[in-house]
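The structure appears below as structure tokens.
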Amino acid sequence: VHVQEISLFDAIHSQRAIRHFTDAPVDDALVEQMIESATRAPSAHNAQPWRFVVVRDRETKALLGAIFDELGQNRPGGAPSRMPWEAVPLLVVVCSEGSFGSDPSAQMAMDASIYPAVQNLLLAARGLGLGTVLTTRWKRREADLRPLLGLPDAVSVHAIVPVGWPAERFGPTSRRPVAAVTFRERYGTPWQASGEGGRP
Ligand SMILES: Cc1cc2nc3c(=O)[nH]c(=O)nc-3n(C[C@H](O)[C@H](O)[C@H](O)COP(=O)(O)O)c2cc1C
């Protein structure tokens, strides 16, 4: 596969949710490169709690997809258009093993130790020209999903990421401007009031 180099900022700007894929195969070597990039992420105490289950088996993908689509039907406004998961080349299930404790800060440390890795995975995929979408909707049916993946009790699931060659366009994405989401010193004080700073 010829991978066209793309800059970090172009990858950040054009990465978006891709839900339709071609039927072209995705080599394990590329999957490994995405996961290796994910493992470069920060984690609390450098614990690296991430674990990845790569699912290519058509029946498992179909069963996971059935759970996912069923939940999508209940969503107000309906779920975004997507191809059936069984037809997606592979799903990366992002899990964590162990825990940092049971208080809210420990729980947050775990989530915050997994999602940077997920974002690396999405960006690395974009860098390779592969499409992905971060999904969490299946979480309400986690009990049904765990046995399909053989997850032990000490393992939590955080994201299921379909992966394939995109059959729809990458970005540009539509996002609010910095000034609409950033404040100066105190929440509510506009960012744009002063033009301080600048580059050295
Ligand atoms: C925490 C989280 C959960 C998400 N869950 C789903 C999901 O269950 N199904 C889905 O199709 N997309 C899901 N998405 C993708 C978002 O819908 C998508 O990132 C957002 O609409 C922006 O779309 P764009 O990247 O194409 O601009 C999720 C994204 C995040 C960050």
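In the structure tokens, the first chain shown is A, the next is B, and so on; residue numbers restart at 1 for each chain, and ligands run from 1 in the order shown.
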Cut-off 10 Å, only C-alpha atoms and all ligand atoms, neighbours of ligand 1 as a PyMOL selection string: chain A and resi 13-19+68-69+71-72+79-82+115+118-119+132-139+158-162+169-175
Strand (DSSP E or B) call set, DSSP backbone run, region 4-193 of chain A, as a count of residues only: 32
Contacts of Pro49 (chain A) within 9 Å, only C-alpha atoms, excl. fewer than 5 positions in-chain, as a short mmCIF file (atom, residue, chain, number, x, y, z; two decimals) with N, CA, C and O atoms, in the first residue's frame:
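Output below, filename around.cif:
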```cif
data_model
loop_
_atom_site.label_atom_id
_atom_site.label_comp_id
_atom_site.auth_asym_id
_atom_site.auth_seq_id
_atom_site.Cartn_x
_atom_site.Cartn_y
_atom_site.Cartn_z
N SER A 43 -0.26 8.04 29.70
CA SER A 43 -1.21 7.37 30.60
C SER A 43 -0.77 7.63 32.03
O SER A 43 0.41 7.88 32.27
N ALA A 44 -1.72 7.60 32.96
CA ALA A 44 -1.41 7.87 34.35
C ALA A 44 -0.33 6.89 34.84
O ALA A 44 -0.45 5.67 34.61
N CYS A 95 -9.80 -1.56 25.02
CA CYS A 95 -10.11 -1.98 26.39
C CYS A 95 -9.05 -1.43 27.33
O CYS A 95 -8.02 -0.90 26.91
N SER A 96 -9.31 -1.59 28.63
CA SER A 96 -8.26 -1.33 29.62
C SER A 96 -8.24 -2.50 30.58
O SER A 96 -9.26 -3.14 30.82
N GLU A 97 -7.04 -2.78 31.11
CA GLU A 97 -6.93 -3.85 32.09
C GLU A 97 -6.51 -3.25 33.42
O GLU A 97 -5.64 -2.39 33.47
N GLY A 98 -7.14 -3.70 34.50
CA GLY A 98 -6.80 -3.23 35.83
C GLY A 98 -7.58 -1.98 36.19
O GLY A 98 -8.57 -1.64 35.54
N SER A 99 -7.13 -1.28 37.25
CA SER A 99 -7.80 -0.06 37.67
C SER A 99 -6.84 0.77 38.50
O SER A 99 -5.84 0.25 39.01
N MET A 110 -8.42 6.46 34.53
CA MET A 110 -8.49 5.35 33.56
C MET A 110 -9.03 5.84 32.22
O MET A 110 -8.42 5.62 31.18
N SER A 113 -6.61 7.83 30.47
CA SER A 113 -5.43 7.08 30.03
C SER A 113 -5.75 6.26 28.78
O SER A 113 -4.85 5.66 28.19
N ILE A 114 -7.00 6.20 28.41
CA ILE A 114 -7.39 5.41 27.24
C ILE A 114 -7.69 6.29 26.04
O ILE A 114 -7.24 6.03 24.92
#
```
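Here the question is which of A:Pro190, A:Pro147, A:Gly129, A:Gly78 gets nearest to Glu168 (chain A) using only C-alpha atoms, and that residue is A:Gly129.
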Distance of CA of Asp103 (chain A) from CA of Arg140 (chain A), expressed in Å to one decimal place: 21.6 Å
Of the listed residues A:Gly188, A:Asp144, A:Ala124, A:Ser156, that which approaches Ile12 (chain A) most closely, counting only C-alpha atoms: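 Ranked by minimum distance to Ile12 (chain A), first place goes to A:Ala124.
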Backbone DSSP call of alpha helix (DSSP H) for region 44-152 of chain A, listed as a PyMOL selection string: chain A and resi 58-73+104-128+142-149
Atoms kept (N, CA and C atoms) for selection, written as a compact mmCIF listing (two decimals), in the first residue's frame:
```txt
# COMPACT_ATOMS: atom_id res chain seq x y z
N ARG A 58 -16.34 -12.37 10.73
CA ARG A 58 -17.58 -11.78 10.22
C ARG A 58 -18.75 -11.96 11.18
N GLU A 59 -18.82 -13.13 11.79
CA GLU A 59 -19.95 -13.37 12.68
C GLU A 59 -19.88 -12.49 13.93
N THR A 60 -18.68 -12.36 14.49
CA THR A 60 -18.53 -11.49 15.67
C THR A 60 -18.88 -10.06 15.31
N LYS A 61 -18.40 -9.60 14.15
CA LYS A 61 -18.71 -8.23 13.72
C LYS A 61 -20.22 -8.07 13.54
N ALA A 62 -20.88 -9.09 13.01
CA ALA A 62 -22.33 -9.01 12.80
C ALA A 62 -23.06 -8.94 14.13
N LEU A 63 -22.61 -9.74 15.12
CA LEU A 63 -23.28 -9.74 16.42
C LEU A 63 -23.07 -8.40 17.14
N LEU A 64 -21.85 -7.88 17.07
CA LEU A 64 -21.58 -6.57 17.67
C LEU A 64 -22.39 -5.49 16.95
N GLY A 65 -22.46 -5.59 15.63
CA GLY A 65 -23.20 -4.61 14.83
C GLY A 65 -24.68 -4.65 15.14
N ALA A 66 -25.21 -5.84 15.40
CA ALA A 66 -26.64 -5.96 15.71
C ALA A 66 -26.96 -5.21 17.00
N ILE A 67 -26.09 -5.36 18.00
CA ILE A 67 -26.26 -4.63 19.27
C ILE A 67 -26.22 -3.13 19.00
N PHE A 68 -25.23 -2.73 18.23
CA PHE A 68 -25.02 -1.32 17.94
C PHE A 68 -26.21 -0.71 17.19
N ASP A 69 -26.68 -1.41 16.15
CA ASP A 69 -27.76 -0.86 15.33
C ASP A 69 -29.07 -0.81 16.09
N GLU A 70 -29.28 -1.81 16.94
CA GLU A 70 -30.50 -1.82 17.75
C GLU A 70 -30.57 -0.57 18.61
N LEU A 71 -29.45 -0.21 19.23
CA LEU A 71 -29.41 0.98 20.08
C LEU A 71 -29.58 2.24 19.24
N GLY A 72 -29.03 2.21 18.01
CA GLY A 72 -29.12 3.37 17.13
C GLY A 72 -30.56 3.70 16.76
N GLN A 73 -31.38 2.64 16.65
CA GLN A 73 -32.78 2.85 16.28
C GLN A 73 -33.53 3.65 17.32
N PRO A 104 -13.69 8.65 42.18
CA PRO A 104 -13.93 9.31 40.89
C PRO A 104 -12.63 9.72 40.19
N SER A 105 -11.60 10.12 40.96
CA SER A 105 -10.38 10.55 40.27
C SER A 105 -9.67 9.35 39.64
N ALA A 106 -9.77 8.20 40.28
CA ALA A 106 -9.17 6.99 39.71
C ALA A 106 -9.91 6.57 38.45
N GLN A 107 -11.23 6.70 38.49
CA GLN A 107 -12.03 6.36 37.31
C GLN A 107 -11.67 7.29 36.16
N MET A 108 -11.51 8.57 36.51
CA MET A 108 -11.15 9.54 35.48
C MET A 108 -9.76 9.26 34.93
N ALA A 109 -8.84 8.85 35.81
CA ALA A 109 -7.48 8.55 35.36
C ALA A 109 -7.51 7.42 34.33
N MET A 110 -8.42 6.46 34.53
CA MET A 110 -8.49 5.35 33.56
C MET A 110 -9.03 5.84 32.22
N ASP A 111 -10.17 6.54 32.25
CA ASP A 111 -10.71 7.06 30.98
C ASP A 111 -9.68 7.95 30.29
N ALA A 112 -9.04 8.80 31.08
CA ALA A 112 -8.09 9.76 30.51
C ALA A 112 -6.79 9.09 30.08
N SER A 113 -6.61 7.83 30.47
CA SER A 113 -5.43 7.08 30.03
C SER A 113 -5.75 6.26 28.78
N ILE A 114 -7.00 6.20 28.41
CA ILE A 114 -7.39 5.41 27.24
C ILE A 114 -7.69 6.29 26.04
N TYR A 115 -8.42 7.39 26.25
CA TYR A 115 -8.86 8.17 25.08
C TYR A 115 -7.73 8.88 24.33
N PRO A 116 -6.65 9.31 25.00
CA PRO A 116 -5.53 9.82 24.17
C PRO A 116 -4.99 8.74 23.23
N ALA A 117 -4.96 7.50 23.69
CA ALA A 117 -4.50 6.40 22.82
C ALA A 117 -5.48 6.20 21.67
N VAL A 118 -6.78 6.32 21.97
CA VAL A 118 -7.79 6.18 20.91
C VAL A 118 -7.59 7.29 19.88
N GLN A 119 -7.36 8.51 20.35
CA GLN A 119 -7.16 9.62 19.41
C GLN A 119 -5.91 9.39 18.55
N ASN A 120 -4.84 8.89 19.18
CA ASN A 120 -3.64 8.55 18.39
C ASN A 120 -3.98 7.53 17.31
N LEU A 121 -4.79 6.55 17.70
CA LEU A 121 -5.21 5.51 16.74
C LEU A 121 -5.95 6.13 15.55
N LEU A 122 -6.88 7.05 15.86
CA LEU A 122 -7.66 7.70 14.80
C LEU A 122 -6.76 8.53 13.89
N LEU A 123 -5.82 9.26 14.50
CA LEU A 123 -4.93 10.12 13.71
C LEU A 123 -3.94 9.29 12.89
N ALA A 124 -3.43 8.22 13.48
CA ALA A 124 -2.51 7.35 12.74
C ALA A 124 -3.24 6.74 11.55
N ALA A 125 -4.48 6.32 11.76
CA ALA A 125 -5.28 5.78 10.66
C ALA A 125 -5.41 6.82 9.57
N ARG A 126 -5.73 8.04 9.96
CA ARG A 126 -5.85 9.13 8.97
C ARG A 126 -4.54 9.30 8.22
N GLY A 127 -3.44 9.23 8.95
CA GLY A 127 -2.12 9.36 8.32
C GLY A 127 -1.88 8.28 7.28
N LEU A 128 -2.46 7.12 7.51
CA LEU A 128 -2.30 5.99 6.57
C LEU A 128 -3.36 6.01 5.47
N GLU A 142 -23.23 -3.50 27.21
CA GLU A 142 -21.91 -4.08 27.45
C GLU A 142 -21.99 -5.54 27.91
N ALA A 143 -23.00 -5.85 28.74
CA ALA A 143 -23.11 -7.21 29.27
C ALA A 143 -23.28 -8.24 28.14
N ASP A 144 -23.98 -7.85 27.07
CA ASP A 144 -24.19 -8.76 25.94
C ASP A 144 -22.93 -8.89 25.08
N LEU A 145 -22.17 -7.81 25.09
CA LEU A 145 -21.01 -7.72 24.21
C LEU A 145 -19.77 -8.42 24.78
N ARG A 146 -19.62 -8.39 26.09
CA ARG A 146 -18.40 -8.92 26.73
C ARG A 146 -18.11 -10.38 26.37
N PRO A 147 -19.13 -11.25 26.45
CA PRO A 147 -18.83 -12.66 26.13
C PRO A 147 -18.42 -12.86 24.67
N LEU A 148 -18.91 -12.00 23.77
CA LEU A 148 -18.54 -12.13 22.35
C LEU A 148 -17.05 -11.90 22.16
N LEU A 149 -16.45 -11.13 23.08
CA LEU A 149 -15.04 -10.77 22.97
C LEU A 149 -14.19 -11.52 23.98
```
